[in-house]
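Asks: One structure, pasted below without further comment.
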Number of protein chains: 4
Amino acid sequence: MLGSGLSNEYLTQIFDQYKDLKYGEVASYIPELKKAKPSHFAISVVDCQGQILSVGESELEVTLQSVSKPFSYGFVLEELGIEEVHHKVGVEPTGEAFNSIIELEESSHRPFNPMINSGAIAISSMIPGASDAQKLQSLTEFFGTLVDRTVHVDNTVFLSEKKTGDRNRAIAYLMKNFGILSGDVESILDLYFQQCSILMNTEDMAFMAATLANGGVQPKTGKNIFKAEHVKCCLSLMLTCGMYDSAGRWAFEVGLPAKSGVSGAIIAVVPGVCGIAVTSPLLDEHGHSCRGLEVIKKIAGDHNFNIFNPRG
Amino acid sequence: MLGSGLSNEYLTQIFDQYKDLKYGEVASYIPELKKAKPSHFAISVVDCQGQILSVGESELEVTLQSVSKPFSYGFVLEELGIEEVHHKVGVEPTGEAFNSIIELEESSHRPFNPMINSGAIAISSMIPGASDAQKLQSLTEFFGTLVDRTVHVDNTVFLSEKKTGDRNRAIAYLMKNFGILSGDVESILDLYFQQCSILMNTEDMAFMAATLANGGVQPKTGKNIFKAEHVKCCLSLMLTCGMYDSAGRWAFEVGLPAKSGVSGAIIAVVPGVCGIAVTSPLLDEHGHSCRGLEVIKKIAGDHNFNIFNPRG
Amino acid sequence: MLGSGLSNEYLTQIFDQYKDLKYGEVASYIPELKKAKPSHFAISVVDCQGQILSVGESELEVTLQSVSKPFSYGFVLEELGIEEVHHKVGVEPTGEAFNSIIELEESSHRPFNPMINSGAIAISSMIPGASDAQKLQSLTEFFGTLVDRTVHVDNTVFLSEKKTGDRNRAIAYLMKNFGILSGDVESILDLYFQQCSILMNTEDMAFMAATLANGGVQPKTGKNIFKAEHVKCCLSLMLTCGMYDSAGRWAFEVGLPAKSGVSGAIIAVVPGVCGIAVTSPLLDEHGHSCRGLEVIKKIAGDHNFNIFNPRG
Amino acid sequence: MLGSGLSNEYLTQIFDQYKDLKYGEVASYIPELKKAKPSHFAISVVDCQGQILSVGESELEVTLQSVSKPFSYGFVLEELGIEEVHHKVGVEPTGEAFNSIIELEESSHRPFNPMINSGAIAISSMIPGASDAQKLQSLTEFFGTLVDRTVHVDNTVFLSEKKTGDRNRAIAYLMKNFGILSGDVESILDLYFQQCSILMNTEDMAFMAATLANGGVQPKTGKNIFKAEHVKCCLSLMLTCGMYDSAGRWAFEVGLPAKSGVSGAIIAVVPGVCGIAVTSPLLDEHGHSCRGLEVIKKIAGDHNFNIFNPRG
């Protein structure tokens with residue numbers, strides 16, 4: 001692959017190296033996620049020219065979960081602009097877990113950033129649309145544009161999240177109490193849970209990451225999805241906040257903007273070069289895919305992908 | 001200037017644009033710092049080839065204060081390696097102010113990172129030397145290597161910091177209680193206060209930043225001061241933690257590793273391109289130089305210096 | 001009045017002394033409470049023999065709000081016993097405001113005590129009854145027994161609390177998430193909001209306090225409403241937690257178990273002697289009736305009512 | 001014993017009942033305390049008429065540790081008055097452990113109350129005397145008056161506390177930073193550590209508690225040591241804060257003002273009746289004597305000693 005210096009042989013070798021790594025646990029906090037196949041493992045890389053490298057079950061779809069957050073955030077940036085969006089959501093790391101409610105009680109009552117649940121729920125409330133149905137349609141159409149096909153919500157996962165989402169419900173009502181959310185809380189949560197339940201395969205997610213790597217332009221369709229300044233917003237928040245309470249360690253050790261989801265997907269962005277996606281549902285105690293973390297660290301280390309490197 | 005795309009005319013124009021910006025307050029928490037000249041204002045840029053651009057009173061020395069932190073951290077990385085250093089100091093942003101004591105009580109009792117006072121005091125305790133005098137000598141020699149001349153400690157500022165340093169004393173005794181510090185607390189604090197009191201002018205600081213921009217090689221002397229992997233450690237911590245509780249906003253808006261000190265100095269690193277230093281003692285409520293923040297934002301914006309940009 | 005050493009003349013004199021005290025604000029966080037009459041002021045004392053002293057508009061009803069908390073707590077103690085109730089609710093002061101959500105995130109996830117909103121909502125979920133209607137009936141019948149008459153819920157206040165109760169909704173969903181609450185959150189909150197909206201006059205509230213002063217026996221009807229050991233539970237929690245984040249100061253300055261509500265009511269219990277109630281809707285920044293605090297301090301000081309006094 | 005309803009037979013029976021209770025650990029955080037005899041067990045009760053009941057090794061001296069706190073607090077109240085003392089120290093429970101530093105960072109920067117280390121150190125700084133030596137003398141003379149004999153500091157324990165007191169040193173420097181402490185921190189800490197190291201036997205401690213039970217008058221000498229209003233201050237703070245983070249549970253279950261120390265001593269006050277002291281160095285995880293807690297609960301329960309009881 002010209003753009004990234006990666007080859008099919010290299011990726012296959014990495015895949016073989018990590019396929020027997022079997023520690024970690026499938027997510028259990030949503031009943032439906034427990035059904036994931038522990039052996040599922042796939043790696044996809046898409047470069048800025050749209051070339052694709054994939055190994056493993058890269059066509060198997062999983063729900064996006066938190067991998068959706070940088071993109072719904074970018075969507076509302078395009079719709080409303082930086083100022084309006086960040087009037088209600090901050091840009092600071094929390095030092096807390098992804099589902100923290102404590103930080104809402106402190107200082108400004110704004111969610112700390114769009115990469116944690118509270119901030120992502122606030123972002124969901126800004127999705128444009130005259131009705132709940134139209135909002136869902138504009139959201140799925142937007143994600144469809146990112147991957148150049150029609151995308152679907154996994155309704156079983158959506159209903160499972162809705163049924164067990166009392167912590168997110170608590171977060172949402174507290175934000176409503178502080179005036180961060182307006183409108184019907186259950187409708188906003190439904191849209192948020194549906195966003196988390198959008199089905200994508202590993203290659204799709206590599207295309208999403210590659211769109212950010214490519215300055216906002218989808219490498220296959222050439223469509224300009226995000227303004228360059230909004231890409232920088234997404235990437236800086238992915239670097240400082242994307243890996244929750246281990247974001248500092250990730251920036252320190254890997255130095256790439258990234259985002260992981262509890263379905264076992266993780267994406268990383270190498271600006272100007274490529275997007276990387278790994279899917280493997282065995283998670284560590286922070287909720288990150290164990291194989292995913294190792295594979296991305298390995299690829300980044302081998303190819304000197306690190307935004308803190310001097311530029312050539 | 002070849003390396004950065006900057007010119008003397010541009011820098012003079014920026015200087016003129018911001019020289020009348022007069023809000024902010026001179027630091028008052030150490031009595032000696034109150035004596036700073038509010039009108040002092042200088043900008044220096046040093047590129048990776050060692051070329052220098054300066055405007056304003058760039059020869060006037062001020063104490064480094066927290067601008068010293070990334071460099072003493074890099075120094076002990078060279079001496080002890082990443083693993084030993086980070087056994088006692090973490091790599092996570094705090095979301096708290098620079099002099100927070102609360103985070104030491106939580107979880108691991110390690111300071112969150114080397115850019116805040118607690119972490120920097122722990123770093124000071126790792127400076128090599130058989131005696132207090134030898135430790136001070138090895139520290140000042142190290143800073144001398146960074147700027148290619150003999151450097152001095154401002155003893156009046158040092159004694160002022162020592163006299164009023166009860167908060168840092170509290171932090172140090174708490175770390176001793178947790179086994180993070182060993183040895184005599186007052187000796188460790190003396191070394192830390194002396195490090196903060198090293199005198200440098202704006203051009204010196206631009207050279208220090210340029211050494212990081214240049215992969216650890218001092219651009220004028222060609223001396224390899226930091227290993228490349230240690231430079232990445234410094235830069236990632238400067239980006240995620242260097243601006244304290246506004247680090248997230250800085251990464252979001254400017255996207256450059258940076259560090260500021262309460263003497264009014266602020267440095268920023270453009271990897272592979274140049275180091276930038278601004279000195280102006282009027283501070284905002286976070287303790288950052290007001291003119292310094294504006295000038296660096298302006299230069300970075302005008303030249304598209306942002307580590308989240310796609311690479312050419 | 002034999003039991004308390006108080007007289008009508010004394011109470012009238014106190015009333016006159018404080019009737020012109022006009023600082024404080026009517027509660028505004030529930031729209032309906034804003035309609036309270038700022039000049040409303042009444043003092044009632046009921047001794048353990050059932051004798052009544054009242055001055056001011058002691059027949060004017062207001063909603064109980066948090067004054068209901070010790071009694072619904074006592075009610076479920078009678079129904080379920082100490083062990084079962086305190087399996088889900090703690091007995092420690094919080095140092096936080098009445099509507100704090102933070103403490104639920106820490107340690108055991110149990111509400112700290114039954115005198116704050118989270119704990120009182122958990123208590124509401126334990127009110128016996130096969131249906132929502134029966135639970136409401138058993139609750140209002142219980143409060144009716146305390147005051148020897150039929151009591152009513154102010155439905156306008158109830159609906160106003162329900163409509164603006166998003167913070168309590170957040171607290172309840174977080175408790176449901178932690179398994180403290182089971183069942184339908186909206187039904188539990190409805191019962192809680194109805195309990196807060198029960199209408200009582202000042203004399204009623206003095207009878208409620210006198211029932212606790214009299215070891216659990218309603219002084220007029222002679223009905224044994226609370227076991228002696230449950231009375232001690234109520235009184236110790238009223239002393240240590242009844243006045244929220246100023247509970248320590250209240251125990252220190254006044255030394256009487258007490259409970260206040262944002263409708264401007266406040267009750268205090270002098271064990272073995274009498275119950276005191278004051279109603280006046282102008283509140284201080286902690287949500288306590290300004291006149292109420294002063295009047296109870298004055299009466300307690302003048303008559304040496306303080307549980308830390310040596311017993312004769 | 002007329003005053004308390006207790007008898008020698010009863011106390012011997014309680015002693016026998018609990019003497020084989022052997023769980024818990026001797027305090028280890030100060031090396032010298034580790035030398036305590038695990039089998040040491042003594043109970044003493046002194047009533048308001050000065051009658052004494054004792055079983056076990058009630059003549060064996062141990063250091064007072066935190067049992068000294070209510071009395072040094074009462075001493076400075078007598079010297080300076082409530083207002084001056086509480087200008088620098090609060091009256092609220094913390095919900096934190098005895099040696100918490102966090103609460104100093106919050107709100108007012110005052111220690112929450114005089115029963116925790118931070119507050120007790122602030123109280124030590126108020127002990128009258130023109131020199132360190134005179135302060136120590138006035139302190140030991142005061143404790144001598146409480147027990148009607150000359151008292152001594154255990155210098156080995158004192159030096160052990162001084163050597164390992166870095167956490168208290170951190171607390172003290174933080175208070176100095178906030179202006180709560182003035183003067184030399186090491187001198188203040190020396191006085192505090194010496195206060196903790198005063199040697200007393202179980203009977204002495206029962207006399208100290210009985211002095212509070214008797215309205216401030218030492219029952220044997222008849223000397224009026226504390227004003228009645230200062231006794232109420234001590235007792236309310238012992239009830240709400242004396243047992244640290246389990247203070248609420250203690251008030252709820254036992255309902256008596258009490259204070260425990262890590263040397264294994266614990267005292268309780270029955271106002272108007274008697275003082276109780278138990279010594280046994282095996283501690284629970286909160287730092288309270290295991291046998292001490294059980295014995296006092298048992299005596300209080302059997303005799304209905306509870307300040308929330310209706311008064312006869």
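Scheme for the structure tokens: letters A, B, ... for chains in order shown; per-chain residue numbers from 1; ligand numbers from 1 in order shown.
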Can you write out as a Markdown table which residues of chain D fall within 7 Å of chain C, alongside each residue's closest atom pair and its distance in Å to one decimal, counting only C-alpha atoms and ordering rows by chain and ascending residue number?
Replies:
| residue | atom | partner | partner_atom | distance |
| --- | --- | --- | --- | --- |
| D:Val91 | CA | C:Gly248 | CA | 5.5 |
| D:Glu92 | CA | C:Gly248 | CA | 4.3 |
| D:Pro93 | CA | C:Gly248 | CA | 6.2 |
| D:Thr94 | CA | C:Gly95 | CA | 6.0 |
| D:Gly95 | CA | C:Thr94 | CA | 6.0 |
| D:Ala213 | CA | C:Pro310 | CA | 6.6 |
| D:Asn214 | CA | C:Pro310 | CA | 6.8 |
| D:Gly215 | CA | C:Pro310 | CA | 6.4 |
| D:Lys232 | CA | C:Phe308 | CA | 5.6 |
| D:Cys233 | CA | C:Phe252 | CA | 5.8 |
| D:Leu235 | CA | C:Phe308 | CA | 6.4 |
| D:Ser236 | CA | C:Phe252 | CA | 5.4 |
| D:Leu237 | CA | C:Phe252 | CA | 6.8 |
| D:Thr240 | CA | C:Thr240 | CA | 6.2 |
| D:Gly248 | CA | C:Glu92 | CA | 4.3 |
| D:Arg249 | CA | C:Val91 | CA | 5.7 |
| D:Ala251 | CA | C:Ser236 | CA | 6.0 |
| D:Phe252 | CA | C:Ser236 | CA | 5.4 |
| D:Pro271 | CA | C:Pro310 | CA | 4.3 |
| D:Gly272 | CA | C:Pro310 | CA | 3.8 |
| D:Ile307 | CA | C:Ile307 | CA | 6.0 |
| D:Phe308 | CA | C:Lys232 | CA | 5.6 |
| D:Asn309 | CA | C:Pro271 | CA | 6.3 |
| D:Pro310 | CA | C:Gly272 | CA | 3.8 |
| D:Arg311 | CA | C:Gly272 | CA | 4.9 |
| D:Gly312 | CA | C:Gly272 | CA | 6.9 |
Asks: Write to file, as a short mmCIF file (atom, residue, chain, number, x, y, z; two decimals), in the first residue's frame, the residues of the selection just made, with N, CA, C and O atoms.
Replies:
data_model
loop_
_atom_site.label_atom_id
_atom_site.label_comp_id
_atom_site.auth_asym_id
_atom_site.auth_seq_id
_atom_site.Cartn_x
_atom_site.Cartn_y
_atom_site.Cartn_z
N VAL D 91 -17.03 22.81 62.54
CA VAL D 91 -17.78 21.93 63.45
C VAL D 91 -18.55 20.87 62.67
O VAL D 91 -19.52 20.30 63.18
N GLU D 92 -18.13 20.59 61.44
CA GLU D 92 -18.90 19.65 60.61
C GLU D 92 -18.20 18.29 60.51
O GLU D 92 -16.98 18.22 60.41
N PRO D 93 -18.97 17.20 60.51
CA PRO D 93 -18.39 15.89 60.21
C PRO D 93 -17.83 15.88 58.79
O PRO D 93 -18.28 16.64 57.94
N THR D 94 -16.84 15.03 58.55
CA THR D 94 -16.23 15.02 57.21
C THR D 94 -16.70 13.90 56.31
O THR D 94 -16.63 14.01 55.11
N GLY D 95 -17.13 12.77 56.89
CA GLY D 95 -17.32 11.59 56.07
C GLY D 95 -16.01 10.99 55.58
O GLY D 95 -16.01 10.10 54.75
N ALA D 213 -19.05 14.45 81.76
CA ALA D 213 -20.39 14.00 82.19
C ALA D 213 -20.94 14.88 83.29
O ALA D 213 -22.15 15.12 83.40
N ASN D 214 -20.03 15.40 84.10
CA ASN D 214 -20.42 16.18 85.28
C ASN D 214 -20.44 17.69 84.98
O ASN D 214 -20.24 18.50 85.88
N GLY D 215 -20.67 18.07 83.76
CA GLY D 215 -20.83 19.48 83.40
C GLY D 215 -19.54 20.28 83.48
O GLY D 215 -19.57 21.51 83.58
N LYS D 232 -20.85 21.33 76.33
CA LYS D 232 -21.78 21.00 75.23
C LYS D 232 -21.07 20.99 73.88
O LYS D 232 -21.35 20.15 73.02
N CYS D 233 -20.14 21.94 73.68
CA CYS D 233 -19.35 21.95 72.44
C CYS D 233 -18.59 20.63 72.28
O CYS D 233 -18.63 20.00 71.22
N LEU D 235 -19.10 17.71 73.70
CA LEU D 235 -19.95 16.52 73.57
C LEU D 235 -20.60 16.44 72.20
O LEU D 235 -20.71 15.36 71.61
N SER D 236 -21.05 17.59 71.67
CA SER D 236 -21.70 17.52 70.35
C SER D 236 -20.68 17.12 69.29
O SER D 236 -20.99 16.32 68.40
N LEU D 237 -19.45 17.63 69.39
CA LEU D 237 -18.44 17.25 68.40
C LEU D 237 -17.98 15.81 68.58
O LEU D 237 -17.67 15.12 67.61
N THR D 240 -20.88 13.82 66.87
CA THR D 240 -21.01 13.88 65.41
C THR D 240 -19.70 13.58 64.68
O THR D 240 -19.72 13.22 63.51
N GLY D 248 -21.52 8.50 62.25
CA GLY D 248 -22.97 8.39 62.07
C GLY D 248 -23.49 7.07 62.63
O GLY D 248 -24.48 7.03 63.35
N ARG D 249 -22.80 5.99 62.32
CA ARG D 249 -23.22 4.67 62.81
C ARG D 249 -23.19 4.62 64.33
O ARG D 249 -24.06 4.05 64.96
N ALA D 251 -23.49 7.18 66.49
CA ALA D 251 -24.61 7.97 67.03
C ALA D 251 -25.91 7.17 66.87
O ALA D 251 -26.78 7.20 67.75
N PHE D 252 -26.03 6.47 65.76
CA PHE D 252 -27.24 5.71 65.46
C PHE D 252 -27.39 4.50 66.38
O PHE D 252 -28.46 4.22 66.90
N PRO D 271 -24.03 11.99 79.88
CA PRO D 271 -24.18 13.29 80.55
C PRO D 271 -25.01 13.19 81.83
O PRO D 271 -26.09 12.60 81.83
N GLY D 272 -24.47 13.73 82.92
CA GLY D 272 -25.15 13.71 84.21
C GLY D 272 -24.99 12.41 84.96
O GLY D 272 -25.44 12.30 86.11
N ILE D 307 -28.41 9.42 74.58
CA ILE D 307 -28.86 10.80 74.76
C ILE D 307 -30.15 11.09 74.02
O ILE D 307 -30.73 12.15 74.20
N PHE D 308 -30.60 10.15 73.17
CA PHE D 308 -31.86 10.37 72.46
C PHE D 308 -33.05 9.81 73.22
O PHE D 308 -34.19 9.91 72.75
N ASN D 309 -32.80 9.19 74.36
CA ASN D 309 -33.93 8.72 75.19
C ASN D 309 -34.70 9.90 75.77
O ASN D 309 -34.10 10.91 76.11
N PRO D 310 -36.00 9.74 75.90
CA PRO D 310 -36.76 10.75 76.64
C PRO D 310 -36.23 10.83 78.06
O PRO D 310 -35.83 9.83 78.64
N ARG D 311 -36.18 12.02 78.60
CA ARG D 311 -35.66 12.19 79.95
C ARG D 311 -36.77 12.01 80.96
O ARG D 311 -37.88 12.47 80.75
N GLY D 312 -36.40 11.37 82.03
CA GLY D 312 -37.38 10.95 83.07
C GLY D 312 -38.10 12.10 83.71
O GLY D 312 -37.62 12.85 84.45
#
Asks: Using only C-alpha atoms, which protein or nucleic acid residues come within 9 Å of Gly261 of chain B? Drop anything in the same chain fewer than 3 positions from it, and give the result as a tab-separated table (two decimals) with N, CA, C and O atoms, in the first residue's frame.
Replies:
chain	number	residue	atom	x	y	z
B	63	THR	N	13.20	33.93	35.34
B	63	THR	CA	13.37	32.56	35.86
B	63	THR	C	12.48	31.61	35.06
B	63	THR	O	11.40	31.99	34.59
B	64	LEU	N	12.92	30.37	34.91
B	64	LEU	CA	12.19	29.42	34.07
B	64	LEU	C	10.85	29.01	34.68
B	64	LEU	O	9.89	28.75	33.96
B	65	GLN	N	10.81	28.89	35.99
B	65	GLN	CA	9.62	28.35	36.67
B	65	GLN	C	9.20	27.03	36.00
B	65	GLN	O	10.06	26.21	35.73
B	66	SER	N	7.93	26.86	35.68
B	66	SER	CA	7.48	25.55	35.18
B	66	SER	C	7.95	25.21	33.77
B	66	SER	O	7.82	24.07	33.33
B	67	VAL	N	8.50	26.20	33.05
B	67	VAL	CA	9.07	25.90	31.73
B	67	VAL	C	10.23	24.90	31.89
B	67	VAL	O	10.57	24.17	30.96
B	68	SER	N	10.80	24.84	33.10
B	68	SER	CA	11.88	23.88	33.34
B	68	SER	C	11.39	22.44	33.39
B	68	SER	O	12.18	21.50	33.22
B	196	CYS	N	13.47	25.88	39.34
B	196	CYS	CA	12.48	26.88	38.92
B	196	CYS	C	13.11	28.26	38.80
B	196	CYS	O	12.59	29.13	38.09
B	264	GLY	N	5.95	34.22	33.30
B	264	GLY	CA	5.43	34.83	32.09
B	264	GLY	C	6.00	34.23	30.82
B	264	GLY	O	5.70	34.68	29.72
B	265	ALA	N	6.84	33.20	30.96
B	265	ALA	CA	7.40	32.54	29.77
B	265	ALA	C	6.46	31.44	29.31
B	265	ALA	O	5.75	30.82	30.11
B	266	ILE	N	6.45	31.20	28.01
B	266	ILE	CA	5.69	30.08	27.44
B	266	ILE	C	6.44	29.61	26.21
B	266	ILE	O	6.95	30.41	25.44
B	287	GLY	N	-2.62	31.20	35.24
B	287	GLY	CA	-1.17	31.36	35.41
B	287	GLY	C	-0.39	31.35	34.11
B	287	GLY	O	0.82	31.21	34.12
B	288	HIS	N	-1.09	31.50	32.98
B	288	HIS	CA	-0.41	31.55	31.68
B	288	HIS	C	-0.24	33.01	31.25
B	288	HIS	O	-1.12	33.84	31.47
B	289	SER	N	0.87	33.29	30.56
B	289	SER	CA	1.10	34.62	30.01
B	289	SER	C	0.00	34.96	29.00
B	289	SER	O	-0.23	34.22	28.04
Asks: State, in Å with one decimal place, the distance from atom CA of Asp148 of chain C to atom CA of Lys223 of chain C.
Replies: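 Straight-line distance from atom CA of Asp148 of chain C to atom CA of Lys223 of chain C works out to 9.8 Å.
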Asks: Go through segment 195-280 of chain C and collect every residue that DSSP, computed from the backbone, puts in strand (DSSP E); the answer should be as a ChimeraX atom specification.
Replies: /C:199-200,258-260,265-270,274-279
Asks: Those residues with N, CA and C atoms, as a CSV table (one decimal), in the first residue's frame please?
Replies:
chain,number,residue,atom,x,y,z
C,199,LEU,N,-50.2,18.3,53.0
C,199,LEU,CA,-50.5,19.5,53.6
C,199,LEU,C,-50.6,19.4,55.1
C,200,MET,N,-50.0,20.2,55.8
C,200,MET,CA,-50.1,20.2,57.3
C,200,MET,C,-50.0,21.7,57.8
C,258,ALA,N,-33.6,17.8,64.6
C,258,ALA,CA,-34.5,18.7,63.9
C,258,ALA,C,-34.6,18.3,62.4
C,259,LYS,N,-35.6,18.9,61.8
C,259,LYS,CA,-35.7,18.7,60.3
C,259,LYS,C,-36.4,19.9,59.7
C,260,SER,N,-35.9,20.4,58.6
C,260,SER,CA,-36.5,21.5,58.0
C,260,SER,C,-36.9,21.1,56.6
C,265,ALA,N,-41.1,25.2,56.8
C,265,ALA,CA,-41.4,24.5,58.0
C,265,ALA,C,-40.1,24.0,58.6
C,266,ILE,N,-40.0,24.0,60.0
C,266,ILE,CA,-38.9,23.3,60.7
C,266,ILE,C,-39.4,22.8,62.0
C,267,ILE,N,-39.0,21.6,62.3
C,267,ILE,CA,-39.5,21.0,63.6
C,267,ILE,C,-38.2,20.6,64.4
C,268,ALA,N,-38.4,20.6,65.7
C,268,ALA,CA,-37.3,20.2,66.6
C,268,ALA,C,-37.9,19.3,67.7
C,269,VAL,N,-37.2,18.4,68.2
C,269,VAL,CA,-37.7,17.4,69.2
C,269,VAL,C,-36.9,17.6,70.5
C,270,VAL,N,-37.6,17.8,71.6
C,270,VAL,CA,-36.9,17.8,72.9
C,270,VAL,C,-37.3,16.5,73.6
C,274,CYS,N,-41.1,18.0,74.6
C,274,CYS,CA,-42.1,18.5,73.7
C,274,CYS,C,-41.6,18.5,72.3
C,275,GLY,N,-42.5,18.8,71.3
C,275,GLY,CA,-42.1,19.0,69.9
C,275,GLY,C,-42.4,20.4,69.6
C,276,ILE,N,-41.5,21.0,68.8
C,276,ILE,CA,-41.6,22.4,68.4
C,276,ILE,C,-41.7,22.5,66.9
C,277,ALA,N,-42.6,23.3,66.4
C,277,ALA,CA,-42.7,23.6,64.9
C,277,ALA,C,-42.8,25.1,64.7
C,278,VAL,N,-42.0,25.5,63.6
C,278,VAL,CA,-42.1,26.9,63.2
C,278,VAL,C,-42.3,26.9,61.7
C,279,THR,N,-43.2,27.8,61.2
C,279,THR,CA,-43.4,27.9,59.8
C,279,THR,C,-43.2,29.3,59.4
Asks: Need to verify the contact set: segment 132-139 of chain C, 9 Å, only C-alpha atoms, exclusion of same-chain residues closer than 4 positions in sequence. Can you return it as JSON, numbers by chain?
Replies: {"C": [72, 75, 127, 128, 143, 144, 187, 188, 190, 191, 194, 195]}
Asks: Residues at most 9 Å from segment 23-33 of chain D, counting only C-alpha atoms, excluding those fewer than 2 positions away in the same chain, as a ChimeraX atom specification?
Replies: /D:21,35-38,63,156-158,160-161,163-165,262-264,281-285,287,289-291
Asks: Could you tell me, as a PyMOL selection string, which residues of segment 132-305 of chain A DSSP assigns to alpha helix (DSSP H) when given the backbone?
Replies: chain A and resi 132-147+155-163+166-177+185-196+202-213+228-241+247-253+290-303
Asks: What does the distance between atom CA of His303 of chain C and atom CA of Val62 of chain C come to in Å, to one decimal place?
Replies: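 Separation between atom CA of His303 of chain C and atom CA of Val62 of chain C: 27.9 Å.
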Asks: Measure the distance from atom CA of Tyr244 of chain C to atom CA of Leu174 of chain A in Å and round it to one decimal.
Replies: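 Atom-to-atom, atom CA of Tyr244 of chain C to atom CA of Leu174 of chain A, that is 20.5 Å.
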Asks: Neighbours of Ile123 of chain D within 8 Å (only C-alpha atoms; same-chain residues fewer than 2 positions away dropped), as a list in words?
Replies: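 The filter keeps Ser72, Tyr73, Val76, Val85, Val89, Pro114, Gly119, Ala120, Ile121, Ser125, Met126 and Ile127 of chain D.
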Asks: So, counting only C-alpha atoms, which residue among A:Asn8, A:Thr221, A:Gln17, A:Asn304 is closest to Leu146 of chain A?
Replies: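 Distance minimum relative to Leu146 of chain A lands on A:Thr221.
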